[in-house]
Every structure is written in C-alpha cells, then in structure tokens.
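K.L.:
The structure follows.
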Amino acid sequence: MAHSDKLIVVDDNTFEQKVLQSPLPVLVDFWAAWCGPCVIIAPIVEELADEYVGKIRVAKMDVDQNPATPATYGIRGIPTLILFKDGAVFDQIIGAVPKSKLKEMLDKAV
C-alpha cells in the first residue's frame, strides 16, 4: 500500500513532540492492522494528508504497538481520529466515516 509522504507515524515516545508540540493542528488516526474499518478509512486519511499539507499534519498510531497514548485519551474503539490543536484535543470522530465528515472537522481547525 502506498503511503502519502505527508503522513507521519507517531508512537508513545514521539507523540508529545510530533503531535502536542506541533505548530499546526494534527489529525491522529489511531488504528490497528486487524481492524477492518481502519483499513477502509486509511486511504481517506492519506488523501487528507495531501489535501491539507501546510495547514494540518496527519499522523497514524498503531494502538497495538503503543498502548500508553490511546489509554491516556480513553480510546476504546478504533478507528478513532482525534484532532489536536495547540497541544489539546480539539475534536474527535470514532469509526469509519465519510471523507466529507472528516473534512468538516478539519475545516473548523484551520
């Protein structure tokens, strides 16, 4: 699967630096390889990374390999997409949703 070069991968160790300290809002896709809806939404997340370049950073975090950060934000179901702005949760969407719904959330933050 081709990954957008605009997409960043974060883990428990790099989350604070790459997400919370980012000057731009960051959309984080919390996902896992075994999760069907995560696979469905992945290409949409990659398209958004390209469309919002310079306005919003887009990151992915594998919840199986990084249990601490999802626990911190109370993530129970995946995919969970959380938009962080100025180091805090700005908005979030749980589940595979249409691209238009994600764009609505992102447009509120830019």
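Letters for chains follow the order of the structure tokens (A, B, ...), residue numbers begin at 1 for each chain, and ligand numbers begin at 1 in the order shown.
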Go through chain A and collect every residue that DSSP, computed from the backbone, puts in alpha helix (DSSP H); the answer should be as an MDAnalysis selection string.
P.N.:
chainID A and resid 15 36:51 68:72 99:109
K.L.:
Which residues of segment 45-83 of chain A come within 9 Å of segment 20-38 of chain A, and for each one, what is the closest pair of atoms and their distance in Å to one decimal, counting only C-alpha atoms, sorted by chain and residue number, as CSV?
P.N.:
residue,atom,partner,partner_atom,distance
A:Val45,CA,A:Asp29,CA,7.7
A:Ala49,CA,A:Leu27,CA,8.9
A:Gly54,CA,A:Leu24,CA,7.9
A:Lys55,CA,A:Leu24,CA,6.4
A:Ile56,CA,A:Pro25,CA,5.1
A:Arg57,CA,A:Val26,CA,4.6
A:Val58,CA,A:Leu27,CA,4.8
A:Ala59,CA,A:Val28,CA,4.7
A:Lys60,CA,A:Asp29,CA,4.6
A:Met61,CA,A:Phe30,CA,4.9
A:Asp62,CA,A:Trp31,CA,5.2
A:Val63,CA,A:Trp31,CA,5.8
A:Asp64,CA,A:Ala32,CA,6.4
A:Gln65,CA,A:Ala32,CA,8.7
A:Pro70,CA,A:Phe30,CA,7.5
A:Ile75,CA,A:Phe30,CA,8.4
A:Ile78,CA,A:Trp31,CA,5.8
A:Pro79,CA,A:Trp31,CA,5.1
A:Thr80,CA,A:Phe30,CA,5.3
A:Leu81,CA,A:Asp29,CA,4.6
A:Ile82,CA,A:Val28,CA,5.3
A:Leu83,CA,A:Leu27,CA,4.3
K.L.:
Which of these, A:Ile94, A:Leu48, A:Val89, A:Val39, has the shortest distance to Leu106 of chain A once you count only C-alpha atoms?
P.N.:
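Ranked by minimum distance to Leu106 of chain A, first place goes to A:Leu48.
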K.L.:
When you count only C-alpha atoms, which of these residues is closest to Val10 of chain A: A:Glu51, A:Asn66, A:Lys101, A:Gly74?
P.N.:
A:Asn66
K.L.:
Report the distance between atom CA of Ile41 of chain A and atom CA of Asp11 of chain A in Å, rounded to one decimal place.
P.N.:
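For atom CA of Ile41 of chain A relative to atom CA of Asp11 of chain A, the distance reads 19.7 Å.
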